[in-house]
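**Student:** I'm passing along protein-v7.json; it holds JSON, C-alpha atoms.
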```json
[["chain", "number", "residue", "atom", "x", "y", "z"],
["Z", 1, "MET", "CA", 77.96, 86.20, 185.04],
["Z", 2, "THR", "CA", 78.33, 88.87, 182.42],
["Z", 3, "VAL", "CA", 81.72, 89.15, 180.75],
["Z", 4, "ILE", "CA", 82.55, 92.50, 179.28],
["Z", 5, "ASP", "CA", 85.00, 92.34, 176.40],
["Z", 6, "ASN", "CA", 87.04, 95.48, 176.77],
["Z", 7, "GLY", "CA", 89.71, 94.23, 174.36],
["Z", 8, "GLU", "CA", 92.35, 93.93, 177.03],
["Z", 9, "ARG", "CA", 93.02, 90.22, 176.50],
["Z", 10, "ARG", "CA", 93.38, 90.67, 172.74],
["Z", 11, "ARG", "CA", 95.78, 93.55, 173.22],
["Z", 12, "GLY", "CA", 97.81, 91.40, 175.54],
["Z", 13, "SER", "CA", 98.08, 88.48, 173.10],
["Z", 14, "ASP", "CA", 98.72, 90.74, 170.09],
["Z", 15, "ALA", "CA", 101.48, 92.64, 171.84],
["Z", 16, "ARG", "CA", 104.49, 92.96, 169.57],
["Z", 17, "PRO", "CA", 107.87, 92.19, 171.07],
["Z", 18, "VAL", "CA", 110.40, 94.95, 171.47],
["Z", 19, "ILE", "CA", 113.94, 94.31, 170.32],
["Z", 20, "SER", "CA", 115.38, 94.05, 173.84],
["Z", 21, "ASP", "CA", 113.19, 90.96, 174.33],
["Z", 22, "LEU", "CA", 114.81, 89.32, 171.31],
["Z", 23, "ILE", "CA", 118.48, 90.29, 171.07],
["Z", 24, "ASP", "CA", 121.07, 91.91, 173.32],
["Z", 25, "GLU", "CA", 123.95, 94.29, 172.75],
["Z", 26, "ALA", "CA", 126.57, 91.52, 173.11],
["Z", 27, "THR", "CA", 125.02, 89.56, 170.22],
["Z", 28, "VAL", "CA", 124.92, 92.62, 167.97],
["Z", 29, "GLU", "CA", 128.54, 93.43, 168.82],
["Z", 30, "SER", "CA", 129.60, 89.84, 168.11],
["Z", 31, "ILE", "CA", 127.88, 89.95, 164.70],
["Z", 32, "ALA", "CA", 129.56, 93.26, 163.89],
["Z", 33, "GLN", "CA", 133.01, 92.02, 164.94],
["Z", 34, "GLU", "CA", 132.69, 88.97, 162.71],
["Z", 35, "ALA", "CA", 131.56, 91.10, 159.78],
["Z", 36, "TRP", "CA", 134.48, 93.48, 160.30],
["Z", 37, "ILE", "CA", 137.10, 90.74, 160.34],
["Z", 38, "SER", "CA", 135.68, 89.17, 157.20],
["Z", 39, "LEU", "CA", 134.86, 92.27, 155.16],
["Z", 40, "VAL", "CA", 137.18, 94.99, 156.40],
["Z", 41, "GLY", "CA", 140.25, 92.97, 157.32],
["Z", 42, "GLU", "CA", 141.58, 90.29, 159.63],
["Z", 43, "ASP", "CA", 143.38, 92.81, 161.82],
["Z", 44, "GLU", "CA", 140.46, 95.22, 161.99],
["Z", 45, "VAL", "CA", 138.69, 95.37, 165.31],
["Z", 46, "LEU", "CA", 135.79, 97.35, 166.63],
["Z", 47, "VAL", "CA", 136.47, 98.78, 170.07],
["Z", 48, "PRO", "CA", 133.34, 98.74, 172.22],
["Z", 49, "LEU", "CA", 133.72, 102.30, 173.52],
["Z", 50, "PRO", "CA", 131.69, 105.37, 172.62],
["Z", 51, "GLY", "CA", 133.68, 107.93, 170.66],
["Z", 52, "GLU", "CA", 133.26, 111.63, 170.10],
["Z", 53, "PRO", "CA", 129.92, 112.69, 168.55],
["Z", 54, "VAL", "CA", 129.89, 111.92, 164.83],
["Z", 55, "THR", "CA", 130.34, 114.93, 162.58],
["Z", 56, "ASP", "CA", 128.91, 114.86, 159.06],
["Z", 57, "PRO", "CA", 127.11, 111.56, 159.74],
["Z", 58, "VAL", "CA", 126.05, 109.05, 157.12],
["Z", 59, "SER", "CA", 124.02, 105.91, 157.75],
["Z", 60, "SER", "CA", 123.48, 102.62, 155.97],
["Z", 61, "TRP", "CA", 120.64, 100.32, 156.88],
["Z", 62, "VAL", "CA", 118.48, 97.37, 155.97],
["Z", 63, "ASP", "CA", 114.88, 96.81, 157.05],
["Z", 64, "VAL", "CA", 113.74, 93.60, 158.70],
["Z", 65, "VAL", "CA", 110.08, 92.67, 158.30],
["Z", 66, "GLY", "CA", 108.62, 89.84, 160.34],
["Z", 67, "PRO", "CA", 107.50, 89.08, 163.88],
["Z", 68, "TRP", "CA", 109.70, 92.06, 164.77],
["Z", 69, "THR", "CA", 109.84, 94.87, 162.22],
["Z", 70, "GLY", "CA", 112.49, 97.53, 162.15],
["Z", 71, "SER", "CA", 115.86, 98.56, 160.80],
["Z", 72, "VAL", "CA", 119.49, 97.72, 161.44],
["Z", 73, "VAL", "CA", 121.30, 101.04, 161.08],
["Z", 74, "LEU", "CA", 125.05, 101.72, 160.95],
["Z", 75, "THR", "CA", 126.04, 105.34, 161.45],
["Z", 76, "THR", "CA", 129.47, 106.92, 161.20],
["Z", 77, "GLY", "CA", 131.16, 110.01, 159.79],
["Z", 78, "ARG", "CA", 131.32, 110.40, 156.03],
["Z", 79, "ARG", "CA", 135.13, 110.25, 156.02],
["Z", 80, "THR", "CA", 135.05, 107.07, 158.07],
["Z", 81, "ALA", "CA", 132.56, 105.57, 155.62],
["Z", 82, "GLU", "CA", 135.01, 106.39, 152.82],
["Z", 83, "GLU", "CA", 137.84, 104.79, 154.76],
["Z", 84, "LEU", "CA", 135.69, 101.70, 155.30],
["Z", 85, "THR", "CA", 135.03, 101.59, 151.57],
["Z", 86, "ARG", "CA", 138.76, 101.66, 150.80],
["Z", 87, "ALA", "CA", 139.37, 98.92, 153.36],
["Z", 88, "LEU", "CA", 136.63, 96.79, 151.84],
["Z", 89, "LEU", "CA", 137.84, 97.24, 148.27],
["Z", 90, "ARG", "CA", 141.49, 96.79, 149.21],
["Z", 91, "GLU", "CA", 143.65, 96.73, 146.08],
["Z", 92, "HIS", "CA", 140.57, 97.34, 143.91],
["Z", 93, "SER", "CA", 139.94, 100.72, 145.55],
["Z", 94, "PRO", "CA", 140.00, 103.55, 142.97],
["Z", 95, "GLU", "CA", 142.29, 106.52, 143.52],
["Z", 96, "VAL", "CA", 139.29, 108.82, 143.75],
["Z", 97, "LEU", "CA", 136.25, 107.34, 145.46],
["Z", 98, "GLU", "CA", 132.87, 108.22, 144.05],
["Z", 99, "ASP", "CA", 129.70, 108.50, 146.14],
["Z", 100, "GLU", "CA", 128.47, 105.38, 144.37],
["Z", 101, "ASP", "CA", 131.43, 103.39, 145.74],
["Z", 102, "VAL", "CA", 130.66, 104.48, 149.31],
["Z", 103, "VAL", "CA", 126.94, 103.77, 148.92],
["Z", 104, "ASP", "CA", 127.74, 100.32, 147.57],
["Z", 105, "ALA", "CA", 130.36, 99.29, 150.15],
["Z", 106, "PHE", "CA", 128.81, 100.88, 153.26],
["Z", 107, "GLY", "CA", 125.45, 99.47, 152.19],
["Z", 108, "GLU", "CA", 126.92, 95.99, 151.83],
["Z", 109, "ILE", "CA", 128.28, 96.14, 155.40],
["Z", 110, "ALA", "CA", 124.76, 96.99, 156.62],
["Z", 111, "ASN", "CA", 123.42, 94.10, 154.54],
["Z", 112, "VAL", "CA", 125.81, 91.60, 156.13],
["Z", 113, "VAL", "CA", 125.30, 92.87, 159.69],
["Z", 114, "GLY", "CA", 121.53, 93.17, 159.18],
["Z", 115, "GLY", "CA", 121.23, 89.71, 157.65],
["Z", 116, "ASN", "CA", 122.90, 88.16, 160.64],
["Z", 117, "VAL", "CA", 120.84, 90.20, 163.11],
["Z", 118, "LYS", "CA", 117.73, 88.96, 161.28],
["Z", 119, "ALA", "CA", 118.94, 85.37, 161.62],
["Z", 120, "ALA", "CA", 119.34, 85.86, 165.37],
["Z", 121, "LEU", "CA", 115.70, 86.93, 165.71],
["Z", 122, "PRO", "CA", 112.97, 84.34, 166.24],
["Z", 123, "GLY", "CA", 110.70, 83.36, 163.37],
["Z", 124, "SER", "CA", 111.06, 83.98, 159.69],
["Z", 125, "SER", "CA", 111.62, 87.53, 158.44],
["Z", 126, "GLY", "CA", 112.30, 89.34, 155.21],
["Z", 127, "LEU", "CA", 115.29, 91.58, 154.55],
["Z", 128, "SER", "CA", 115.26, 94.69, 152.36],
["Z", 129, "LEU", "CA", 118.02, 95.81, 150.04],
["Z", 130, "PRO", "CA", 120.41, 98.21, 151.79],
["Z", 131, "ASP", "CA", 119.92, 101.95, 151.74],
["Z", 132, "VAL", "CA", 122.41, 104.73, 152.49],
["Z", 133, "GLY", "CA", 121.71, 108.29, 153.60],
["Z", 134, "GLU", "CA", 120.10, 109.95, 156.59],
["Z", 135, "ALA", "CA", 119.15, 107.34, 159.20],
["Z", 136, "PRO", "CA", 115.48, 106.41, 159.51],
["Z", 137, "ALA", "CA", 113.83, 108.18, 162.43],
["Z", 138, "LEU", "CA", 113.63, 106.40, 165.76],
["Z", 139, "ARG", "CA", 109.95, 105.52, 166.16],
["Z", 140, "ASN", "CA", 109.88, 103.97, 169.61],
["Z", 141, "PRO", "CA", 112.77, 104.63, 172.03],
["Z", 142, "ALA", "CA", 111.75, 101.53, 174.00],
["Z", 143, "ASP", "CA", 112.27, 99.38, 170.89],
["Z", 144, "LEU", "CA", 115.97, 100.02, 170.44],
["Z", 145, "CYS", "CA", 119.19, 98.05, 170.90],
["Z", 146, "ARG", "CA", 122.13, 100.35, 170.27],
["Z", 147, "ILE", "CA", 125.87, 99.82, 170.55],
["Z", 148, "GLU", "CA", 128.56, 102.45, 170.25],
["Z", 149, "LEU", "CA", 131.93, 101.47, 168.92],
["Z", 150, "GLN", "CA", 135.15, 102.86, 167.53],
["Z", 151, "TRP", "CA", 136.94, 101.78, 164.39],
["Z", 152, "ARG", "CA", 140.46, 103.14, 163.90],
["Z", 153, "GLY", "CA", 139.59, 105.63, 166.65],
["Z", 154, "GLU", "CA", 136.51, 106.95, 164.85],
["Z", 155, "PRO", "CA", 132.98, 106.60, 166.26],
["Z", 156, "LEU", "CA", 130.50, 104.20, 164.72],
["Z", 157, "SER", "CA", 127.13, 103.12, 166.08],
["Z", 158, "ILE", "CA", 124.82, 100.24, 165.27],
["Z", 159, "SER", "CA", 121.13, 100.61, 166.11],
["Z", 160, "VAL", "CA", 118.58, 97.84, 165.84],
["Z", 161, "GLN", "CA", 115.44, 99.95, 166.02],
["Z", 162, "GLY", "CA", 111.75, 99.20, 165.72],
["Z", 163, "ALA", "CA", 109.84, 100.76, 162.85],
["Z", 164, "LEU", "CA", 106.41, 100.61, 164.38],
["Z", 165, "PRO", "CA", 104.85, 103.23, 166.64],
["Z", 166, "ALA", "CA", 104.50, 102.37, 170.30],
["Z", 167, "LEU", "CA", 101.51, 100.28, 171.21],
["Z", 168, "PRO", "CA", 98.94, 102.04, 173.35],
["Z", 169, "ALA", "CA", 99.57, 101.39, 177.01],
["Z", 170, "VAL", "CA", 97.55, 98.53, 178.45],
["Z", 171, "SER", "CA", 95.67, 99.85, 181.45],
["L", 172, "MET", "CA", 138.06, 76.98, 135.21],
["L", 173, "ARG", "CA", 135.45, 79.68, 134.83],
["L", 174, "ALA", "CA", 133.14, 81.34, 137.35],
["L", 175, "LEU", "CA", 130.29, 83.81, 137.14],
["L", 176, "VAL", "CA", 129.84, 86.05, 140.21],
["L", 177, "ILE", "CA", 126.40, 87.64, 140.63],
["L", 178, "ASP", "CA", 125.88, 90.23, 143.35],
["L", 179, "ASP", "CA", 124.29, 93.68, 143.35],
["L", 180, "SER", "CA", 127.19, 95.02, 145.40],
["L", 181, "ARG", "CA", 130.20, 95.88, 143.27],
["L", 182, "ALA", "CA", 132.38, 95.64, 146.36],
["L", 183, "MET", "CA", 131.18, 92.11, 147.08],
["L", 184, "ARG", "CA", 131.61, 91.08, 143.43],
["L", 185, "ARG", "CA", 135.19, 92.30, 143.60],
["L", 186, "ILE", "CA", 135.85, 90.44, 146.85],
["L", 187, "VAL", "CA", 134.39, 87.13, 145.65],
["L", 188, "SER", "CA", 136.02, 87.45, 142.22],
["L", 189, "GLY", "CA", 139.35, 88.26, 143.85],
["L", 190, "ILE", "CA", 139.19, 85.11, 145.97],
["L", 191, "LEU", "CA", 138.26, 82.95, 142.97],
["L", 192, "GLU", "CA", 140.93, 84.49, 140.74],
["L", 193, "GLY", "CA", 143.47, 83.82, 143.49],
["L", 194, "LEU", "CA", 142.49, 80.17, 143.24],
["L", 195, "GLY", "CA", 142.97, 80.16, 139.49],
["L", 196, "TYR", "CA", 139.49, 80.93, 138.15],
["L", 197, "GLU", "CA", 138.68, 83.22, 135.25],
["L", 198, "THR", "CA", 135.69, 85.29, 136.36],
["L", 199, "GLN", "CA", 132.81, 87.22, 134.87],
["L", 200, "GLN", "CA", 130.42, 89.41, 136.86],
["L", 201, "ALA", "CA", 126.75, 90.38, 136.82],
["L", 202, "GLY", "CA", 124.79, 92.80, 139.02],
["L", 203, "HIS", "CA", 121.57, 90.79, 139.43],
["L", 204, "GLY", "CA", 119.96, 87.53, 138.41],
["L", 205, "ARG", "CA", 118.54, 88.78, 135.11],
["L", 206, "GLU", "CA", 121.94, 90.09, 134.08],
["L", 207, "GLY", "CA", 123.41, 86.74, 135.08],
["L", 208, "LEU", "CA", 120.97, 84.91, 132.79],
["L", 209, "ASP", "CA", 121.86, 87.33, 129.98],
["L", 210, "VAL", "CA", 125.55, 86.50, 130.44],
["L", 211, "LEU", "CA", 124.80, 82.76, 130.28],
["L", 212, "ASP", "CA", 122.55, 83.23, 127.24],
["L", 213, "GLY", "CA", 125.45, 84.84, 125.40],
["L", 214, "LEU", "CA", 127.86, 81.96, 126.01],
["L", 215, "ALA", "CA", 128.40, 78.89, 123.87],
["L", 216, "ALA", "CA", 128.02, 75.54, 125.64],
["L", 217, "ASP", "CA", 131.79, 75.07, 125.94],
["L", 218, "GLN", "CA", 132.18, 78.56, 127.40],
["L", 219, "LEU", "CA", 129.70, 78.15, 130.27],
["L", 220, "PRO", "CA", 131.12, 78.70, 133.75],
["L", 221, "ASP", "CA", 131.91, 75.69, 135.93],
["L", 222, "LEU", "CA", 130.75, 77.66, 138.97],
["L", 223, "VAL", "CA", 128.17, 80.38, 139.60],
["L", 224, "CYS", "CA", 128.35, 82.30, 142.90],
["L", 225, "VAL", "CA", 125.08, 84.15, 143.43],
["L", 226, "ASP", "CA", 123.75, 86.48, 146.13],
["L", 227, "TRP", "CA", 120.15, 86.13, 147.33],
["L", 228, "ASN", "CA", 118.77, 89.66, 147.84],
["L", 229, "MET", "CA", 119.16, 91.63, 144.63],
["L", 230, "PRO", "CA", 117.01, 94.01, 142.59],
["L", 231, "VAL", "CA", 115.36, 92.95, 139.30],
["L", 232, "MET", "CA", 115.83, 89.20, 139.85],
["L", 233, "ASP", "CA", 116.92, 87.67, 143.13],
["L", 234, "GLY", "CA", 119.22, 84.72, 143.61],
["L", 235, "LEU", "CA", 116.49, 82.19, 144.25],
["L", 236, "GLN", "CA", 114.69, 83.13, 141.00],
["L", 237, "PHE", "CA", 118.02, 82.89, 139.20],
["L", 238, "VAL", "CA", 118.69, 79.38, 140.55],
["L", 239, "SER", "CA", 115.21, 78.24, 139.51],
["L", 240, "ALA", "CA", 115.67, 79.70, 136.02],
["L", 241, "VAL", "CA", 119.03, 78.00, 135.55],
["L", 242, "ARG", "CA", 117.73, 74.67, 136.78],
["L", 243, "SER", "CA", 114.78, 74.81, 134.36],
["L", 244, "ASN", "CA", 117.16, 74.97, 131.39],
["L", 245, "PRO", "CA", 118.62, 71.52, 130.59],
["L", 246, "ALA", "CA", 121.55, 73.13, 128.75],
["L", 247, "TRP", "CA", 122.73, 74.72, 131.99],
["L", 248, "ARG", "CA", 122.42, 71.73, 134.30],
["L", 249, "SER", "CA", 126.17, 71.07, 134.41],
["L", 250, "MET", "CA", 126.93, 74.30, 136.24],
["L", 251, "THR", "CA", 127.49, 74.24, 139.97],
["L", 252, "ILE", "CA", 125.67, 76.99, 141.85],
["L", 253, "MET", "CA", 126.88, 78.31, 145.18],
["L", 254, "MET", "CA", 124.76, 80.88, 147.00],
["L", 255, "VAL", "CA", 126.85, 83.53, 148.78],
["L", 256, "THR", "CA", 124.48, 85.52, 150.93],
["L", 257, "SER", "CA", 123.71, 87.09, 154.28],
["L", 258, "GLU", "CA", 120.45, 85.11, 154.37],
["L", 259, "SER", "CA", 121.49, 82.69, 157.09],
["L", 260, "GLU", "CA", 118.19, 81.31, 158.39],
["L", 261, "HIS", "CA", 117.97, 77.53, 158.17],
["L", 262, "THR", "CA", 114.67, 77.70, 156.26],
["L", 263, "GLN", "CA", 116.27, 79.94, 153.64],
["L", 264, "ILE", "CA", 119.20, 77.57, 153.20],
["L", 265, "VAL", "CA", 116.76, 74.69, 152.70],
["L", 266, "ARG", "CA", 114.81, 76.72, 150.12],
["L", 267, "ALA", "CA", 117.96, 77.52, 148.17],
["L", 268, "LEU", "CA", 119.16, 73.92, 148.13],
["L", 269, "ALA", "CA", 115.68, 72.69, 147.18],
["L", 270, "ALA", "CA", 115.63, 75.16, 144.28],
["L", 271, "GLY", "CA", 118.85, 73.65, 142.95],
["L", 272, "ALA", "CA", 121.80, 75.38, 144.60],
["L", 273, "HIS", "CA", 124.64, 72.98, 145.43],
["L", 274, "GLU", "CA", 126.28, 74.89, 148.25],
["L", 275, "TYR", "CA", 125.62, 77.82, 150.53],
["L", 276, "VAL", "CA", 128.12, 80.30, 151.98],
["L", 277, "ILE", "CA", 126.94, 82.78, 154.56],
["L", 278, "LYS", "CA", 128.26, 86.34, 154.61],
["L", 279, "PRO", "CA", 130.49, 87.27, 156.31],
["L", 280, "PHE", "CA", 132.83, 84.61, 155.00],
["L", 281, "THR", "CA", 136.57, 84.11, 154.77],
["L", 282, "ALA", "CA", 138.59, 83.16, 151.70],
["L", 283, "ASP", "CA", 139.28, 79.84, 153.41],
["L", 284, "ALA", "CA", 135.52, 79.17, 153.71],
["L", 285, "ILE", "CA", 135.11, 79.61, 149.93],
["L", 286, "ARG", "CA", 138.15, 77.43, 149.28],
["L", 287, "ASP", "CA", 136.84, 74.69, 151.60],
["L", 288, "LYS", "CA", 133.43, 74.66, 149.90],
["L", 289, "LEU", "CA", 135.06, 74.42, 146.46],
["L", 290, "ALA", "CA", 137.23, 71.56, 147.67],
["L", 291, "LEU", "CA", 134.09, 69.75, 148.86],
["L", 292, "LEU", "CA", 132.51, 70.29, 145.45],
["L", 293, "GLY", "CA", 135.64, 69.10, 143.63],
["L", 294, "LEU", "CA", 135.94, 72.51, 142.01],
["L", 295, "LEU", "CA", 139.36, 73.62, 143.17],
["L", 296, "PRO", "CA", 141.51, 74.34, 140.12],
["L", 297, "GLN", "CA", 144.60, 72.13, 139.94],
["L", 298, "GLU", "CA", 146.95, 75.02, 140.74],
["L", 299, "ALA", "CA", 145.05, 75.69, 143.99],
["L", 300, "VAL", "CA", 145.29, 72.06, 145.09],
["L", 301, "LEU", "CA", 149.06, 71.90, 144.69]]
```
Represent the structure contained in this file as structure tokens.
**Tutor:**
Amino acid sequence: MTVIDNGERRRGSDARPVISDLIDEATVESIAQEAWISLVGEDEVLVPLPGEPVTDPVSSWVDVVGPWTGSVVLTTGRRTAEELTRALLREHSPEVLEDEDVVDAFGEIANVVGGNVKAALPGSSGLSLPDVGEAPALRNPADLCRIELQWRGEPLSISVQGALPALPAVS
Amino acid sequence: MRALVIDDSRAMRRIVSGILEGLGYETQQAGHGREGLDVLDGLAADQLPDLVCVDWNMPVMDGLQFVSAVRSNPAWRSMTIMMVTSESEHTQIVRALAAGAHEYVIKPFTADAIRDKLALLGLLPQEAVL
């Protein structure tokens, strides 16, 4: 019998997982709630309801590199990010916030949420330093776990999104 | 008692320092491991901190490299090192403890979690015990 190696078996075994195989929205929300209580304040809750579309958005994110590779991205309005910064700094908050303060505090929230998302994923992964700015582009819509929340009535989303292009379809 | 808080996030340095100062510590801060070593280098033996709280993921020198550097210097062996980090995988905790960290606190944490760890280490200042 002649066996023709058309690569199908290798593609099957090399298939990368997508995020919905590894983590669900409830886990991401639970991680975010815990981070909020600890970092932002004991009485601060995230309401799991989508809000109005974000105006003047800003994102903070960390990259996860491992068996699953992608980013954990927090997105909210710039004014909400400033409010978050003040909440985080509490009595240490300066009268006039500088961009650097927002980058630092909003980035640290992404670091804490992202670190705990990474820990919930199987296998060992690396975590990048946080970045703040325009969110990384969504590479593969099928490799996305996204939750929409409200904090103090303002919209905030958390996306756990794959960084790799979609694998070619296995025929 | 004295503590050195090393984290690349100013916000996190303020939060950790605030908790420690509330317990009676005098604190110093550094933005990464290399800066932390520079602070220690500049201190006389009787001025060294009793406690170092250090993050893991930082630019220039990360927390694990910092712990290894401190542990390789006999003059700094008396200091207690507590990692305060969002690295929460079991393998990472084992690596940190093997490198010479004494305790490990996972972000997000509460002030009570820090206090409890310090109590376990016998590093609660007298005024915080009373």
**Student:** Between L:Val225, L:Lys278, L:Gly213, L:Glu206, which one has atoms that come closest to Z:Ile109, using all atoms listed in the file?
**Tutor:**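 Closest candidate: L:Lys278.
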**Student:** Considering only C-alpha atoms, tabulate each residue of chain Z that lies at most 7 Å from chain L along with its nearest interatomic pair and the corresponding distance in Å to one decimal; arrange the rows by chain and ascending residue number and present them as CSV.
**Tutor:**
```
residue,atom,partner,partner_atom,distance
Z:Glu34,CA,L:Pro279,CA,7.0
Z:Ala35,CA,L:Pro279,CA,5.3
Z:Ser38,CA,L:Pro279,CA,5.6
Z:Leu39,CA,L:Pro279,CA,6.7
Z:Leu89,CA,L:Ala182,CA,6.0
Z:Asp104,CA,L:Ser180,CA,5.8
Z:Ala105,CA,L:Ala182,CA,5.6
Z:Glu108,CA,L:Ser180,CA,6.5
Z:Val112,CA,L:Ser257,CA,5.3
Z:Gly115,CA,L:Ser257,CA,4.9
Z:Asn116,CA,L:Ser257,CA,6.5
Z:Ala119,CA,L:Glu260,CA,5.2
Z:Leu129,CA,L:Asn228,CA,6.6
```
**Student:** Which residues are near stretch 285-292 of chain L? Cut-off 12 Å, all atoms listed in the file, ignore same chain within fewer than 3 positions. Put them as a PDB file with C-alpha atoms, in the coordinates of the input.
**Tutor:**
```pdb
ATOM      1  CA  MET L 172     138.060  76.980 135.210  1.00  0.00           C
ATOM      2  CA  ALA L 174     133.140  81.340 137.350  1.00  0.00           C
ATOM      3  CA  ILE L 186     135.850  90.440 146.850  1.00  0.00           C
ATOM      4  CA  VAL L 187     134.390  87.130 145.650  1.00  0.00           C
ATOM      5  CA  SER L 188     136.020  87.450 142.220  1.00  0.00           C
ATOM      6  CA  GLY L 189     139.350  88.260 143.850  1.00  0.00           C
ATOM      7  CA  ILE L 190     139.190  85.110 145.970  1.00  0.00           C
ATOM      8  CA  LEU L 191     138.260  82.950 142.970  1.00  0.00           C
ATOM      9  CA  GLU L 192     140.930  84.490 140.740  1.00  0.00           C
ATOM     10  CA  GLY L 193     143.470  83.820 143.490  1.00  0.00           C
ATOM     11  CA  LEU L 194     142.490  80.170 143.240  1.00  0.00           C
ATOM     12  CA  GLY L 195     142.970  80.160 139.490  1.00  0.00           C
ATOM     13  CA  TYR L 196     139.490  80.930 138.150  1.00  0.00           C
ATOM     14  CA  ASP L 221     131.910  75.690 135.930  1.00  0.00           C
ATOM     15  CA  LEU L 222     130.750  77.660 138.970  1.00  0.00           C
ATOM     16  CA  VAL L 223     128.170  80.380 139.600  1.00  0.00           C
ATOM     17  CA  CYS L 224     128.350  82.300 142.900  1.00  0.00           C
ATOM     18  CA  MET L 250     126.930  74.300 136.240  1.00  0.00           C
ATOM     19  CA  THR L 251     127.490  74.240 139.970  1.00  0.00           C
ATOM     20  CA  ILE L 252     125.670  76.990 141.850  1.00  0.00           C
ATOM     21  CA  MET L 253     126.880  78.310 145.180  1.00  0.00           C
ATOM     22  CA  MET L 254     124.760  80.880 147.000  1.00  0.00           C
ATOM     23  CA  VAL L 255     126.850  83.530 148.780  1.00  0.00           C
ATOM     24  CA  ALA L 272     121.800  75.380 144.600  1.00  0.00           C
ATOM     25  CA  HIS L 273     124.640  72.980 145.430  1.00  0.00           C
ATOM     26  CA  GLU L 274     126.280  74.890 148.250  1.00  0.00           C
ATOM     27  CA  TYR L 275     125.620  77.820 150.530  1.00  0.00           C
ATOM     28  CA  VAL L 276     128.120  80.300 151.980  1.00  0.00           C
ATOM     29  CA  ILE L 277     126.940  82.780 154.560  1.00  0.00           C
ATOM     30  CA  LYS L 278     128.260  86.340 154.610  1.00  0.00           C
ATOM     31  CA  PRO L 279     130.490  87.270 156.310  1.00  0.00           C
ATOM     32  CA  PHE L 280     132.830  84.610 155.000  1.00  0.00           C
ATOM     33  CA  THR L 281     136.570  84.110 154.770  1.00  0.00           C
ATOM     34  CA  ALA L 282     138.590  83.160 151.700  1.00  0.00           C
ATOM     35  CA  LEU L 295     139.360  73.620 143.170  1.00  0.00           C
ATOM     36  CA  PRO L 296     141.510  74.340 140.120  1.00  0.00           C
ATOM     37  CA  GLN L 297     144.600  72.130 139.940  1.00  0.00           C
ATOM     38  CA  ALA L 299     145.050  75.690 143.990  1.00  0.00           C
ATOM     39  CA  VAL L 300     145.290  72.060 145.090  1.00  0.00           C
TER      40      VAL L 300
END
```
**Student:** Using atom CA of Z:Phe106 and atom CA of Z:Leu84 as the two end points, give the distance in Å to one decimal.
**Tutor:** 7.2 Å
**Student:** Which distance in Å separates atom CA of L:Arg248 and atom CA of L:Glu298, to one decimal?
**Tutor:**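 Going from atom CA of L:Arg248 over to atom CA of L:Glu298 covers 25.6 Å.
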**Student:** Between atom CA of Z:Thr55 and atom CA of Z:Leu138, what is the spacing in Å?
**Tutor:**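 These two atoms are separated by 19.0 Å.
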**Student:** Tell me which of Z:Ile31, Z:Leu46, Z:Val64, Z:Val54 sits closest to Z:Lys118, counting all atoms listed in the file.
**Tutor:**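 Of Z:Ile31, Z:Leu46, Z:Val64, Z:Val54, the one nearest Z:Lys118 is Z:Val64, counting all atoms listed in the file.
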**Student:** Please provide as an MDAnalysis selection string all residues within 6 Å of stretch 141-156 of chain Z, with the sequence filter that same-chain residues fewer than 4 positions apart are discarded (counting only C-alpha atoms).
**Tutor:** chainID Z and resid 18:19 46:51 75:76 160:162
**Student:** Residues within 10 Å of Z:Arg86, please, as a list of chain:residue names. Count all atoms listed in the file; anything in the same chain fewer than 2 positions from it doesn't count.
**Tutor:**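 These residues fall inside the cut-off: Z:Val40, Z:Thr80, Z:Ala81, Z:Glu82, Z:Glu83, Z:Leu84, Z:Leu88, Z:Leu89, Z:Arg90, Z:Glu91, Z:His92, Z:Ser93, Z:Pro94, Z:Glu95, Z:Leu97, Z:Asp101, Z:Val102, Z:Ala105, L:Ala182.
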**Student:** So, counting all atoms listed in the file, which residue among L:Leu208, L:Ala267, L:Ala201, L:Ala284 is closest to L:Leu235?
**Tutor:**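 Among L:Leu208, L:Ala267, L:Ala201, L:Ala284, it is L:Ala267 that comes nearest to L:Leu235.
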**Student:** Return the single residue from Z:Glu42, Z:Glu98, Z:Asp21, Z:Asp56 that is closest to Z:Trp68, with distances computed using only C-alpha atoms.
**Tutor:**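 Of Z:Glu42, Z:Glu98, Z:Asp21, Z:Asp56, the one nearest Z:Trp68 is Z:Asp21, counting only C-alpha atoms.
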**Student:** Can you tell me, as a list in words, what residues are no more than 7 Å from L:Arg205 when counting only C-alpha atoms, ignoring any on the same chain fewer than 4 positions away?
**Tutor:** Asp209, Val231 and Met232 of chain L
**Student:** Could you tell me which of Z:Gly41, Z:Gly107, Z:Pro165, Z:Pro17 comes closest to Z:Ser59 if we count only C-alpha atoms?
**Tutor:**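 Going through Z:Gly41, Z:Gly107, Z:Pro165, Z:Pro17 one by one, the smallest distance to Z:Ser59 is for Z:Gly107.
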